[in-house]
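**Student:** Below you'll find final-v2.cif; it's mmCIF, C-alpha atoms and all ligand atoms.
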```
data_upload
#
loop_
_atom_site.label_atom_id
_atom_site.label_comp_id
_atom_site.auth_asym_id
_atom_site.auth_seq_id
_atom_site.Cartn_x
_atom_site.Cartn_y
_atom_site.Cartn_z
CA MET A 451 216.63 36.15 -58.84
CA ALA A 452 215.80 33.98 -55.91
CA LEU A 453 216.06 30.35 -54.93
CA LEU A 454 212.69 28.68 -54.46
CA ASN A 455 211.72 25.80 -52.21
CA ILE A 456 211.12 22.54 -54.09
CA LEU A 457 208.16 20.49 -52.80
CA ASN A 458 208.79 16.81 -52.17
CA TYR A 459 206.56 13.84 -52.94
CA PRO A 460 204.06 12.96 -51.45
CA ASP A 461 203.12 16.66 -50.94
CA LYS A 462 199.46 16.98 -52.01
CA ARG A 463 200.18 20.23 -53.85
CA LEU A 464 202.14 18.22 -56.43
CA HIS A 465 198.89 16.56 -57.51
CA LYS A 466 196.97 19.73 -58.38
CA ILE A 467 196.28 20.88 -61.93
CA ALA A 468 198.06 24.11 -62.89
CA LYS A 469 196.29 27.06 -64.54
CA PRO A 470 197.37 28.67 -67.83
CA VAL A 471 198.99 32.10 -67.63
CA ASP A 472 197.15 34.95 -69.41
CA LYS A 473 200.42 36.18 -70.84
CA VAL A 474 204.10 36.03 -70.11
CA ASP A 475 204.62 39.32 -68.30
CA ALA A 476 207.38 40.52 -65.97
CA GLU A 477 205.99 38.45 -63.10
CA VAL A 478 205.95 35.20 -65.10
CA ARG A 479 209.41 35.99 -66.51
CA ARG A 480 210.70 36.38 -62.96
CA LEU A 481 209.15 33.07 -61.97
CA MET A 482 210.88 31.43 -64.97
CA ASP A 483 214.25 32.92 -63.99
CA ASP A 484 213.85 31.95 -60.32
CA MET A 485 212.89 28.42 -61.39
CA LEU A 486 215.98 28.18 -63.62
CA GLU A 487 218.24 29.34 -60.79
CA THR A 488 216.60 26.82 -58.43
CA MET A 489 216.95 24.03 -61.03
CA TYR A 490 220.66 24.78 -61.71
CA LYS A 491 221.36 24.79 -57.97
CA ALA A 492 219.56 21.48 -57.29
CA PRO A 493 221.00 20.43 -59.85
CA GLY A 494 218.39 19.22 -62.33
CA ILE A 495 217.55 19.41 -66.03
CA GLY A 496 213.91 20.46 -65.72
CA LEU A 497 211.49 22.06 -63.28
CA ALA A 498 207.76 22.78 -63.36
CA ALA A 499 206.06 25.63 -61.48
CA PRO A 500 203.87 23.32 -59.31
CA GLN A 501 207.09 21.85 -57.88
CA VAL A 502 207.81 25.25 -56.31
CA GLY A 503 204.21 25.69 -55.16
CA GLU A 504 203.07 27.89 -58.08
CA LEU A 505 200.02 26.41 -59.83
CA LYS A 506 200.91 27.98 -63.18
CA ARG A 507 201.53 26.26 -66.50
CA VAL A 508 205.20 27.20 -66.62
CA ILE A 509 208.19 24.89 -67.11
CA VAL A 510 211.92 25.39 -67.56
CA ILE A 511 214.48 22.98 -69.00
CA ASP A 512 218.21 23.00 -69.69
CA LEU A 513 219.97 19.88 -70.95
CA ALA A 514 223.40 21.51 -71.30
CA ARG A 515 226.10 19.74 -69.34
CA GLU A 516 228.17 21.52 -66.70
CA ASP A 517 231.03 22.20 -69.11
CA GLU A 518 228.68 23.55 -71.79
CA LYS A 519 227.11 26.96 -72.27
CA PRO A 520 223.63 27.07 -70.65
CA GLN A 521 220.74 26.52 -73.07
CA PRO A 522 217.69 27.43 -71.00
CA LEU A 523 214.21 26.75 -72.36
CA ARG A 524 211.39 28.76 -70.78
CA MET A 525 207.88 27.61 -71.66
CA ALA A 526 204.44 28.84 -70.62
CA ASN A 527 201.18 27.04 -71.49
CA PRO A 528 202.96 24.20 -73.34
CA GLU A 529 200.72 21.98 -75.48
CA LEU A 530 201.62 18.78 -77.30
CA ILE A 531 200.45 19.17 -80.90
CA ALA A 532 201.97 15.92 -82.18
CA VAL A 533 203.47 12.75 -80.72
CA SER A 534 205.24 9.88 -82.47
CA ASP A 535 203.79 6.36 -82.58
CA GLU A 536 207.20 5.14 -81.58
CA ASP A 537 207.97 5.00 -77.85
CA ALA A 538 211.18 5.48 -75.93
CA VAL A 539 212.15 4.32 -72.43
CA TYR A 540 214.23 6.53 -70.15
CA ASN A 541 215.35 6.05 -66.59
CA GLU A 542 213.69 9.14 -65.09
CA GLY A 543 214.30 11.02 -61.89
CA CYS A 544 212.59 14.05 -60.38
CA LEU A 545 213.67 16.92 -58.12
CA SER A 546 210.52 16.27 -56.05
CA LEU A 547 211.60 12.65 -55.50
CA PRO A 548 215.32 12.95 -54.88
CA GLU A 549 217.46 9.87 -55.48
CA HIS A 550 214.69 7.71 -56.93
CA TYR A 551 214.76 6.59 -60.55
CA ALA A 552 212.58 4.33 -62.69
CA ASP A 553 212.10 3.43 -66.34
CA VAL A 554 209.18 5.31 -67.93
CA THR A 555 207.82 4.75 -71.46
CA ARG A 556 206.69 7.80 -73.43
CA PRO A 557 206.37 8.84 -77.09
CA ALA A 558 209.90 9.10 -78.54
CA ALA A 559 209.30 12.36 -80.46
CA ILE A 560 206.93 15.27 -79.91
CA LYS A 561 205.99 18.66 -81.25
CA VAL A 562 205.16 21.25 -78.60
CA ARG A 563 203.61 24.73 -78.88
CA TYR A 564 204.24 27.25 -76.10
CA LEU A 565 204.72 30.89 -75.17
CA ASP A 566 208.36 31.85 -74.71
CA HIS A 567 209.73 34.37 -72.19
CA GLU A 568 208.81 37.21 -74.56
CA ASN A 569 205.20 36.01 -74.87
CA GLU A 570 205.82 34.83 -78.45
CA ILE A 571 204.14 31.65 -79.67
CA ARG A 572 206.76 29.07 -80.59
CA GLU A 573 206.79 25.48 -81.82
CA LEU A 574 209.53 23.01 -81.12
CA GLU A 575 210.14 19.49 -82.38
CA ALA A 576 212.00 17.32 -79.93
CA ASP A 577 213.21 13.76 -79.59
CA GLY A 578 215.60 11.90 -77.30
CA LEU A 579 216.07 13.19 -73.77
CA LEU A 580 214.53 16.57 -74.59
CA ALA A 581 211.23 14.95 -75.66
CA THR A 582 211.17 12.92 -72.44
CA CYS A 583 212.04 15.91 -70.27
CA ILE A 584 209.35 18.15 -71.82
CA GLN A 585 206.72 15.43 -71.28
CA HIS A 586 207.89 14.84 -67.70
CA GLU A 587 207.60 18.56 -66.90
CA MET A 588 204.23 18.85 -68.68
CA ASP A 589 202.96 15.96 -66.55
CA HIS A 590 203.66 18.08 -63.45
CA LEU A 591 201.17 20.65 -64.80
CA GLU A 592 198.50 17.92 -64.65
CA GLY A 593 199.53 16.88 -61.15
CA ILE A 594 201.21 13.73 -62.46
CA LEU A 595 204.60 12.52 -61.27
CA PHE A 596 206.75 9.95 -63.04
CA VAL A 597 205.93 7.40 -60.34
CA ASP A 598 202.27 7.65 -61.42
CA HIS A 599 203.35 5.92 -64.66
CA LEU A 600 204.62 2.92 -62.69
CA THR A 601 202.69 -0.04 -61.33
CA ALA A 602 201.22 0.46 -57.84
CA LEU A 603 203.71 -2.10 -56.55
CA LYS A 604 206.76 -0.19 -57.80
CA ARG A 605 205.29 3.16 -56.69
CA ASN A 606 204.63 1.87 -53.16
CA MET A 607 208.16 0.54 -52.93
CA ILE A 608 209.52 4.04 -53.65
CA LEU A 609 207.05 5.64 -51.25
CA ARG A 610 208.01 3.26 -48.44
CA LYS A 611 211.71 4.00 -48.97
CA LEU A 612 210.99 7.73 -48.88
CA LEU A 613 209.03 7.53 -45.64
CA LYS A 614 211.72 5.40 -44.05
CA ALA A 615 214.43 7.89 -45.07
CA LYS A 616 212.37 10.73 -43.60
CA LYS A 617 211.88 8.92 -40.30
CA SER A 618 215.56 8.17 -39.85
CA GLN A 619 216.41 11.84 -40.44
CA GLN A 620 214.27 13.00 -37.54
CA PRO A 621 216.19 13.89 -34.40
CA VAL A 622 215.69 11.58 -31.46
CA SER A 623 213.50 13.12 -28.81
CA ALA A 624 213.83 12.07 -25.20
ZN ZN B 1 209.74 16.03 -61.98
#
```
Can the structure from this file be put into C-alpha cells for me?
Ligand SMILES: [Zn+2]
**Tutor:**
Amino acid sequence: MALLNILNYPDKRLHKIAKPVDKVDAEVRRLMDDMLETMYKAPGIGLAAPQVGELKRVIVIDLAREDEKPQPLRMANPELIAVSDEDAVYNEGCLSLPEHYADVTRPAAIKVRYLDHENEIRELEADGLLATCIQHEMDHLEGILFVDHLTALKRNMILRKLLKAKKSQQPVSA
C-alpha cells in the first residue's frame, strides 16, 4: 500500500472525465487499497481516482467513525440506476478543497450498480450521508466538484479564499 498525492482545486486534471475500467484486476485493486489508505490518512470519508491523478472510474468510501470498525466500500464503474424524487441538503466538503464547505442539494436516496473489488457486479441502495457521498464521488468521475453545484458567486468566493491562502503560504523572496 502507498499514500497517493491528492490534487487540489483548481487543478485542471480534476475537471477531466474518467474512463471505465475493463475489469477489476490486481492493478485496480491496488489502486483501491492505496486510495483507501490515502483517504484514511487525510482523513476523509470518500475519494475518487481522478483526485489522485488516475482518470479511472474508481471510488472508495468509508463512513465508519474513528472508534468504529472500518467499513470500506470499493466501487468501479459505478452507475446510478435509480434516484429518489425527494432531495436532501448536506454541508459538503472535499479533500481536493480542504477546509471549504457548502450546502449541496442532491437526491436523498439512490440505487447504484458497480463492480466490487472482486470484479462482481453489485447493487446498493443508499440514503442519508452514504447517498450524498456516493453522488459526490461519482461527480468526480465526470470532472465535477461540489463547488460546481453552487452559484458562480459562491464558487468565486471560495476560489478567491483558496488563492489568498496559497499566496500567504509562499515564502518571502528577497
Ligand atoms: Zn470530493
**Student:** Please compute the CA of Pro548 in chain A-CA of Asp461 in chain A distance, one decimal, in Å.
**Tutor:**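 Pair CA of Pro548 in chain A / CA of Asp461 in chain A returns 13.3 Å.
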**Student:** Please report as CSV every residue of range 515-550 of chain A lying within 12 Å of range 554-562 of chain A, along with the nearest atom pair and their distance in Å (one decimal), using only C-alpha atoms.
**Tutor:**
```
residue,atom,partner,partner_atom,distance
A:Met525,CA,A:Val562,CA,9.8
A:Ala526,CA,A:Val562,CA,11.0
A:Asn527,CA,A:Val562,CA,10.0
A:Pro528,CA,A:Val562,CA,6.4
A:Glu529,CA,A:Val562,CA,5.5
A:Leu530,CA,A:Val562,CA,4.5
A:Ile531,CA,A:Lys561,CA,5.6
A:Ala532,CA,A:Lys561,CA,5.0
A:Val533,CA,A:Ile560,CA,4.4
A:Ser534,CA,A:Ala559,CA,5.2
A:Asp535,CA,A:Pro557,CA,6.6
A:Glu536,CA,A:Ala558,CA,5.7
A:Asp537,CA,A:Pro557,CA,4.2
A:Ala538,CA,A:Ala558,CA,4.6
A:Val539,CA,A:Thr555,CA,4.5
A:Tyr540,CA,A:Val554,CA,5.6
A:Asn541,CA,A:Val554,CA,6.4
A:Glu542,CA,A:Val554,CA,6.6
A:Gly543,CA,A:Val554,CA,9.8
```
**Student:** Can you tell me, as a list in words, what residues are no more than 8 Å from range 463-475 of chain A when counting only C-alpha atoms, ignoring any on the same chain fewer than 2 positions away?
**Tutor:**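 What passes the distance filter is Leu457, Tyr459, Pro460, Asp461, Glu477, Val478, Arg479, Pro500, Gln501, Gly503, Glu504, Leu505, Lys506, Arg507, Val508, Ala526, Asn527, Leu565, Asp566, His567, Glu568, Asn569, His590, Leu591, Glu592, Gly593, Ile594 and Leu595 of chain A.
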**Student:** Residues within 7 Å of ligand ZN 1 (chain B), counting only C-alpha atoms and all ligand atoms: report them as a VMD selection string.
**Tutor:** chain A and resid 497 543 to 546 586 to 587 590 595 to 596
**Student:** What is the distance between CA of Leu523 in chain A and CA of Ile511 in chain A, in Å to one decimal?
**Tutor:**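 Result for CA of Leu523 in chain A versus CA of Ile511 in chain A: 5.1 Å, one decimal.
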**Student:** Do a neighbour search on Leu609 in chain A at 10 Å with all atoms listed in the file, toss out local chain neighbours closer than 6 positions, and write the hits as a compact mmCIF listing (two decimals) with C-alpha atoms, in the coordinates of the input.
**Tutor:**
```txt
# COMPACT_ATOMS: atom_id res chain seq x y z
CA TYR A 459 206.56 13.84 -52.94
CA PRO A 460 204.06 12.96 -51.45
CA LEU A 547 211.60 12.65 -55.50
CA HIS A 550 214.69 7.71 -56.93
CA VAL A 597 205.93 7.40 -60.34
CA LEU A 603 203.71 -2.10 -56.55
CA ALA A 615 214.43 7.89 -45.07
```
**Student:** Between CA of Lys462 in chain A and CA of Ile608 in chain A, what is the spacing in Å?
**Tutor:**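 Going from CA of Ile608 in chain A over to CA of Lys462 in chain A covers 16.5 Å.
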**Student:** At a cut-off of 10 Å from (212.9, 19.1, -77.6) in the coordinates of the file, what residues are picked up using only C-alpha atoms, written as a list of chain:residue names?
**Tutor:**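 The answer, in the requested form, is A:Ile511, A:Leu513, A:Leu523, A:Ala559, A:Ile560, A:Lys561, A:Val562, A:Glu573, A:Leu574, A:Glu575, A:Ala576, A:Asp577, A:Gly578, A:Leu579, A:Leu580, A:Ala581, A:Thr582, A:Cys583, A:Ile584, A:Gln585.
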**Student:** Under the rule that all atoms listed in the file are counted, which of A:Pro493, A:Val502, A:His599, A:Glu487 is the nearest residue to Ile456 in chain A?
**Tutor:**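 Going through A:Pro493, A:Val502, A:His599, A:Glu487 one by one, the smallest distance to Ile456 in chain A is for A:Val502.
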**Student:** Using only C-alpha atoms, can you list as an NGL selection string the residues within 6 Å of (213.7, 25.2, -59.0)?
**Tutor:** :A and (454 or 485-486 or 488-489 or 497)
**Student:** Determine the nearest neighbour of Lys491 in chain A from the options A:Met588, A:Met607, A:Ala452, A:Ala476, counting only C-alpha atoms.
**Tutor:**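 Distance minimum relative to Lys491 in chain A lands on A:Ala452.
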**Student:** Using all atoms listed in the file, pick whichever of A:Arg605, A:Arg480, A:Arg572, A:Lys616 has the shortest atom-to-atom distance to Asp553 in chain A.
**Tutor:**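 Distance minimum relative to Asp553 in chain A lands on A:Arg605.
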**Student:** Go through A:Asp512, A:Arg524, A:Glu570, A:Asn455 one by one, measure the shortest atom-to-atom distance of each to Asp483 in chain A using all atoms listed in the file, and give the residue with the smallest value.
**Tutor:** A:Arg524
**Student:** Taking all atoms of range 457-472 of chain A that the file lists and extending 6 Å past them on each side, where is the centre of the axis-aligned box and how long are its edges? Answer in Å to one decimal, as lines of an AutoDock Vina configuration file.
**Tutor:**
```
center_x = 202.5
center_y = 24.0
center_z = -60.2
size_x = 24.5
size_y = 34.0
size_z = 30.5
```
